[in-house]
>>> print(open('model-v1.txt').read())   # compact mmCIF, C-alpha atoms
# COMPACT_ATOMS: atom_id res chain seq x y z
CA GLY V 9 -3.26 46.60 -14.41
CA CYS V 10 -4.02 46.15 -18.05
CA ASP V 11 -2.99 47.68 -21.35
CA PHE V 12 -5.60 48.23 -24.03
CA GLY V 13 -6.65 50.35 -26.91
CA GLY V 14 -10.40 50.94 -26.82
CA SER V 15 -13.17 52.35 -24.72
CA ARG V 16 -13.55 50.55 -21.42
CA ALA V 17 -12.14 50.57 -17.93
CA CYS V 18 -9.67 48.07 -16.54
CA GLY V 19 -10.48 47.16 -12.98
CA GLY V 20 -13.33 45.93 -10.90
CA ASN V 21 -15.32 46.74 -7.79
CA GLY V 22 -14.47 50.40 -8.25
CA GLN V 23 -10.71 49.76 -8.13
CA ILE V 24 -8.77 50.90 -11.18
CA TYR V 25 -5.00 50.75 -10.61
CA ASN V 26 -1.88 50.86 -12.82
CA ASN V 27 -3.49 50.67 -16.23
CA THR V 28 -2.42 52.03 -19.61
CA MET V 29 -5.51 53.02 -21.59
CA ILE V 30 -5.24 54.38 -25.11
CA THR V 31 -8.38 55.12 -27.08
CA GLU V 32 -8.63 55.65 -30.77
CA GLY V 33 -11.65 57.66 -31.77
CA GLY V 34 -12.16 59.39 -28.43
CA GLY V 35 -13.99 56.83 -26.28
CA ASN V 36 -14.19 57.18 -22.50
CA CYS V 37 -11.35 55.64 -20.52
CA VAL V 38 -13.13 55.33 -17.18
CA VAL V 39 -16.83 55.55 -16.47
CA VAL V 40 -17.60 55.75 -12.78
CA GLY V 41 -21.09 54.58 -11.99
CA THR V 42 -22.69 53.86 -8.66
CA VAL V 43 -19.87 51.75 -7.17
CA THR V 44 -18.57 53.65 -4.18
CA PRO V 45 -15.94 54.46 -3.41
CA SER V 46 -14.23 54.43 -6.78
CA LEU V 47 -10.45 54.23 -6.46
CA ILE V 48 -8.55 55.39 -9.56
CA LYS V 49 -4.76 55.53 -9.11
CA ASN V 50 -1.52 55.17 -11.10
CA ASN V 51 -3.17 55.07 -14.53
CA ILE V 52 -2.10 56.49 -17.87
CA MET V 53 -4.96 57.49 -20.16
CA VAL V 54 -4.39 58.78 -23.68
CA GLY V 55 -6.84 60.13 -26.26
CA CYS V 56 -9.97 59.77 -24.15
CA ASN V 57 -13.15 61.71 -24.66
CA GLY V 58 -13.29 61.86 -20.87
CA LEU V 59 -10.74 60.44 -18.48
CA GLU V 60 -13.30 60.09 -15.71
CA THR V 61 -16.96 60.25 -16.67
CA LEU V 62 -19.02 60.41 -13.51
CA LEU V 63 -22.47 58.88 -13.42
CA GLY V 64 -22.57 58.81 -9.64
CA ASP V 65 -21.40 60.96 -6.74
CA TYR V 66 -17.98 62.55 -7.34
CA THR V 67 -17.40 62.85 -3.58
CA GLN V 68 -16.97 59.07 -3.48
CA ILE V 69 -14.08 59.12 -5.96
CA VAL V 70 -10.49 58.78 -4.76
CA SER V 71 -8.50 59.63 -7.87
CA ASP V 72 -4.80 60.56 -7.90
CA TYR V 73 -1.35 59.83 -9.37
CA ASN V 74 -2.77 59.53 -12.91
CA VAL V 75 -1.40 60.80 -16.23
CA GLY V 76 -3.78 62.07 -18.89
CA TYR V 77 -2.75 63.14 -22.38
CA ASN V 78 -4.65 64.39 -25.42
CA LEU V 79 -7.96 64.33 -23.53
CA ASN V 80 -11.13 66.23 -24.39
CA THR V 81 -11.88 66.60 -20.68
CA TRP V 82 -10.21 65.32 -17.53
CA ALA V 83 -13.51 64.66 -15.76
CA ALA V 84 -17.14 65.13 -16.63
CA SER V 85 -20.24 64.88 -14.50
CA ALA V 86 -23.47 63.67 -16.07
CA SER V 87 -26.08 65.34 -13.89
CA PRO V 88 -25.91 68.29 -14.15
CA TYR V 89 -23.38 68.13 -16.96
CA SER V 90 -20.05 69.74 -16.11
CA ALA V 91 -16.68 69.26 -17.78
CA TYR V 92 -13.31 69.92 -16.18
CA ASN V 93 -9.73 70.10 -17.35
CA LEU V 94 -7.15 68.89 -14.81
CA ALA V 95 -6.58 72.29 -13.18
CA GLN V 96 -10.33 72.89 -12.83
CA TRP V 97 -10.88 69.38 -11.43
CA GLN V 98 -8.09 69.88 -8.89
CA ALA V 99 -9.37 73.31 -7.83
CA ALA V 100 -13.11 72.63 -7.79
CA LYS V 101 -13.19 69.07 -6.47
CA SER V 102 -9.77 68.54 -4.82
CA LYS V 103 -9.16 65.41 -6.92
CA ASP V 104 -6.01 64.23 -8.72
CA ARG V 105 -3.72 66.55 -6.72
CA ASN V 106 -0.62 64.55 -7.76
CA SER V 107 -1.75 63.80 -11.32
CA ALA V 108 -0.37 65.31 -14.52
CA ALA V 109 -1.62 66.27 -17.96
CA SER V 110 1.45 65.30 -19.95
CA ASN V 111 2.66 63.19 -22.86
CA PRO V 112 3.69 59.88 -21.25
CA LEU V 113 6.42 59.34 -23.89
CA PHE V 114 5.59 55.81 -24.99
CA ASP V 115 7.73 53.64 -27.22
CA ALA V 116 6.16 51.56 -30.00
CA SER V 117 5.01 48.98 -27.41
CA ASP V 118 3.26 51.56 -25.18
CA ARG V 119 6.03 51.30 -22.59
CA LEU V 120 7.55 54.33 -20.87
CA GLN V 121 10.68 55.91 -22.29
CA MET V 122 13.39 57.80 -20.42
CA GLY V 123 12.17 61.27 -19.50
CA SER V 124 8.51 60.30 -19.08
CA LEU V 125 6.75 62.20 -16.30
CA ALA V 126 4.93 58.93 -15.47
CA ILE V 127 8.18 57.40 -14.16
CA GLY V 128 7.98 57.63 -10.37
CA LEU V 129 4.67 59.54 -10.48
CA GLY V 130 2.57 56.69 -9.04
CA THR V 131 1.98 55.91 -5.42
CA ASN V 132 3.13 52.63 -3.90
CA LEU V 133 0.11 50.32 -3.56
CA THR V 134 1.87 47.41 -1.82
CA SER V 135 -0.15 48.06 1.35
CA LEU V 136 -3.38 47.13 -0.46
CA GLY V 137 -2.32 43.48 -0.38
CA ILE V 138 -3.28 42.87 -4.03
CA ALA V 139 -0.51 40.54 -5.22
CA GLN V 140 -1.20 41.21 -8.94
CA LEU V 141 -0.29 44.88 -8.49
CA ASN V 142 3.22 44.06 -7.27
CA LYS V 143 4.25 43.14 -10.83
CA ASP V 144 3.67 44.88 -14.12
CA MET V 145 2.06 43.38 -17.24
CA LEU V 146 5.31 41.68 -18.21
CA GLY V 147 5.99 40.30 -14.74
CA ALA V 148 8.61 42.89 -13.74
CA ALA V 149 8.49 43.54 -10.00
CA ARG V 150 7.36 46.92 -8.75
CA ARG V 151 9.32 48.43 -5.87
CA GLY V 152 8.32 47.34 -2.36
CA SER V 153 9.02 50.84 -1.07
CA GLY V 154 9.15 54.25 -2.68
CA THR V 155 7.14 55.44 -5.65
CA TRP V 156 5.82 53.34 -8.50
CA ASP V 157 5.52 54.25 -12.15
CA ALA V 158 2.06 55.10 -13.48
CA GLY V 159 0.65 52.73 -16.08
CA ALA V 160 0.70 49.02 -16.78
CA TYR V 161 4.48 48.78 -17.27
CA GLN V 162 7.29 49.55 -14.87
CA PHE V 163 10.05 51.56 -16.59
CA THR V 164 13.26 49.58 -17.03
CA MET V 165 16.56 50.87 -18.30
CA VAL V 166 18.04 48.98 -21.20
CA SER V 167 21.61 48.09 -20.32
CA PRO V 168 24.23 49.13 -22.82
CA LEU V 169 25.83 46.33 -24.74
CA ALA V 170 29.06 44.97 -23.35
CA PRO V 171 32.13 45.53 -25.51
CA PRO V 172 33.17 42.58 -27.65
CA ALA V 173 35.51 40.05 -26.02
CA GLY V 174 39.18 40.47 -26.83
CA LEU V 175 38.90 44.20 -27.50
CA THR V 176 42.05 46.11 -26.63
CA VAL V 177 42.41 49.84 -26.19
CA THR V 178 45.56 51.59 -27.26
CA VAL V 179 46.21 55.06 -25.86
CA HIS V 180 48.35 57.34 -28.01
>>> encode(input="model-v1.txt", output="structure tokens")
Amino acid sequence: GCDFGGSRACGGNGQIYNNTMITEGGGNCVVVGTVTPSLIKNNIMVGCNGLETLLGDYTQIVSDYNVGYNLNTWAASASPYSAYNLAQWQAAKSKDRNSAASNPLFDASDRLQMGSLAIGLGTNLTSLGIAQLNKDMLGAARRGSGTWDAGAYQFTMVSPLAPPAGLTVTVH
């Protein structure tokens, strides 16, 4: 996965997994060309002109468990031109069945906050055998079983501070 602000896709050979993509100025987050099949899973995409812009055959796309927010379109096809919001894309093309159009609730570092729909939304990709996916961008391990979080960062709870040493409690 990768975390960026701009207009490009993170991934290669048609495999785009566990990325956080934030565009400023409405660029495209993912452009799917002629690489087939294109596998797009567990991503968070914010502010894109088009989350998935299709230059090739949409039937070759396996896209699911993604979060899109503040998008102009969820998917667009170049020839003939068609634009879809998430509900239309799910109904017309049976894609992104487990995806969500929701605010991912980022903190100032683009990491997930408590209450984010992206927490636990992703599918576990351990079976792909891609070692880099088993850790997030900061090196935190993703779960070996169960769901993953969408995006480049695994959600982690911040532990509350321990009380100061020597503190005594008096009950009245």
>>> residues_around(input="model-v1.txt", residues="Ala109 (chain V)", least_positions_apart="2", cutoff="7 Å", atoms="only C-alpha atoms", output="PDB file with C-alpha atoms, keeping the file's coordinate frame")
ATOM      1  CA  VAL V  75      -1.400  60.800 -16.230  1.00  0.00           C
ATOM      2  CA  GLY V  76      -3.780  62.070 -18.890  1.00  0.00           C
ATOM      3  CA  TYR V  77      -2.750  63.140 -22.380  1.00  0.00           C
ATOM      4  CA  LEU V  94      -7.150  68.890 -14.810  1.00  0.00           C
TER       5      LEU V  94
END
>>> residues_around(input="model-v1.txt", residues="Gln98 (chain V)", least_positions_apart="6", cutoff="12 Å", atoms="only C-alpha atoms", output="list in words")
Ser71, Asp72, Trp82, Ala83, Tyr92, Asp104, Arg105, Asn106, Ser107, Ala108 and Ala109 of chain V
>>> write_last_selection(input="model-v1.txt", atoms="C-alpha atoms", output="PDB file, keeping the file's coordinate frame")
ATOM      1  CA  SER V  71      -8.500  59.630  -7.870  1.00  0.00           C
ATOM      2  CA  ASP V  72      -4.800  60.560  -7.900  1.00  0.00           C
ATOM      3  CA  TRP V  82     -10.210  65.320 -17.530  1.00  0.00           C
ATOM      4  CA  ALA V  83     -13.510  64.660 -15.760  1.00  0.00           C
ATOM      5  CA  TYR V  92     -13.310  69.920 -16.180  1.00  0.00           C
ATOM      6  CA  ASP V 104      -6.010  64.230  -8.720  1.00  0.00           C
ATOM      7  CA  ARG V 105      -3.720  66.550  -6.720  1.00  0.00           C
ATOM      8  CA  ASN V 106      -0.620  64.550  -7.760  1.00  0.00           C
ATOM      9  CA  SER V 107      -1.750  63.800 -11.320  1.00  0.00           C
ATOM     10  CA  ALA V 108      -0.370  65.310 -14.520  1.00  0.00           C
ATOM     11  CA  ALA V 109      -1.620  66.270 -17.960  1.00  0.00           C
TER      12      ALA V 109
END
>>> atom_distance(input="model-v1.txt", atom1="CA of Ala160 (chain V)", atom2="CA of Asn51 (chain V)")
7.5 Å
>>> atom_distance(input="model-v1.txt", atom1="CA of Asp157 (chain V)", atom2="CA of Trp97 (chain V)")
22.3 Å
>>> closest_residue(input="model-v1.txt", among="V:Thr28, V:Asn36, V:Thr155, V:Ser46", to="Phe114 (chain V)", atoms="only C-alpha atoms")
V:Thr28
>>> closest_residue(input="model-v1.txt", among="V:Ile30, V:Ala126, V:Ile24, V:Val70", to="Val54 (chain V)", atoms="only C-alpha atoms")
V:Ile30
>>> atom_distance(input="model-v1.txt", atom1="CA of Thr164 (chain V)", atom2="CA of Gln121 (chain V)")
8.6 Å
>>> residues_around(input="model-v1.txt", residues="Ser124 (chain V)", least_positions_apart="4", cutoff="8 Å", atoms="only C-alpha atoms", output="ChimeraX atom specification")
/V:111-114,120
>>> residues_around(input="model-v1.txt", residues="Ser135 (chain V)", least_positions_apart="4", cutoff="12 Å", atoms="only C-alpha atoms", output="PyMOL selection string")
chain V and resi 131+139+141-142+151-154
>>> write_last_selection(input="model-v1.txt", atoms="C-alpha atoms", output="PDB file, in the coordinates of the input")
ATOM      1  CA  THR V 131       1.980  55.910  -5.420  1.00  0.00           C
ATOM      2  CA  ALA V 139      -0.510  40.540  -5.220  1.00  0.00           C
ATOM      3  CA  LEU V 141      -0.290  44.880  -8.490  1.00  0.00           C
ATOM      4  CA  ASN V 142       3.220  44.060  -7.270  1.00  0.00           C
ATOM      5  CA  ARG V 151       9.320  48.430  -5.870  1.00  0.00           C
ATOM      6  CA  GLY V 152       8.320  47.340  -2.360  1.00  0.00           C
ATOM      7  CA  SER V 153       9.020  50.840  -1.070  1.00  0.00           C
ATOM      8  CA  GLY V 154       9.150  54.250  -2.680  1.00  0.00           C
TER       9      GLY V 154
END
>>> residues_near_point(input="model-v1.txt", point="(0.8, 52.4, -7.1)", cutoff="6 Å", atoms="all atoms listed in the file", output="PyMOL selection string")
chain V and resi 50+130-133+156
>>> residues_around(input="model-v1.txt", residues="Leu79 (chain V)", least_positions_apart="2", cutoff="6 Å", atoms="only C-alpha atoms", output="VMD selection string")
chain V and resid 55 to 57 77 81
>>> residues_near_point(input="model-v1.txt", point="(9.5, 48.6, -16.8)", cutoff="8 Å", atoms="all atoms listed in the file", output="PDB file with C-alpha atoms, in the coordinates of the input")
ATOM      1  CA  ARG V 119       6.030  51.300 -22.590  1.00  0.00           C
ATOM      2  CA  LEU V 120       7.550  54.330 -20.870  1.00  0.00           C
ATOM      3  CA  ASP V 144       3.670  44.880 -14.120  1.00  0.00           C
ATOM      4  CA  ALA V 148       8.610  42.890 -13.740  1.00  0.00           C
ATOM      5  CA  TYR V 161       4.480  48.780 -17.270  1.00  0.00           C
ATOM      6  CA  GLN V 162       7.290  49.550 -14.870  1.00  0.00           C
ATOM      7  CA  PHE V 163      10.050  51.560 -16.590  1.00  0.00           C
ATOM      8  CA  THR V 164      13.260  49.580 -17.030  1.00  0.00           C
ATOM      9  CA  MET V 165      16.560  50.870 -18.300  1.00  0.00           C
TER      10      MET V 165
END
>>> closest_residue(input="model-v1.txt", among="V:Leu59, V:Gln23, V:Ile52, V:Leu125", to="Gly35 (chain V)", atoms="only C-alpha atoms")
V:Leu59
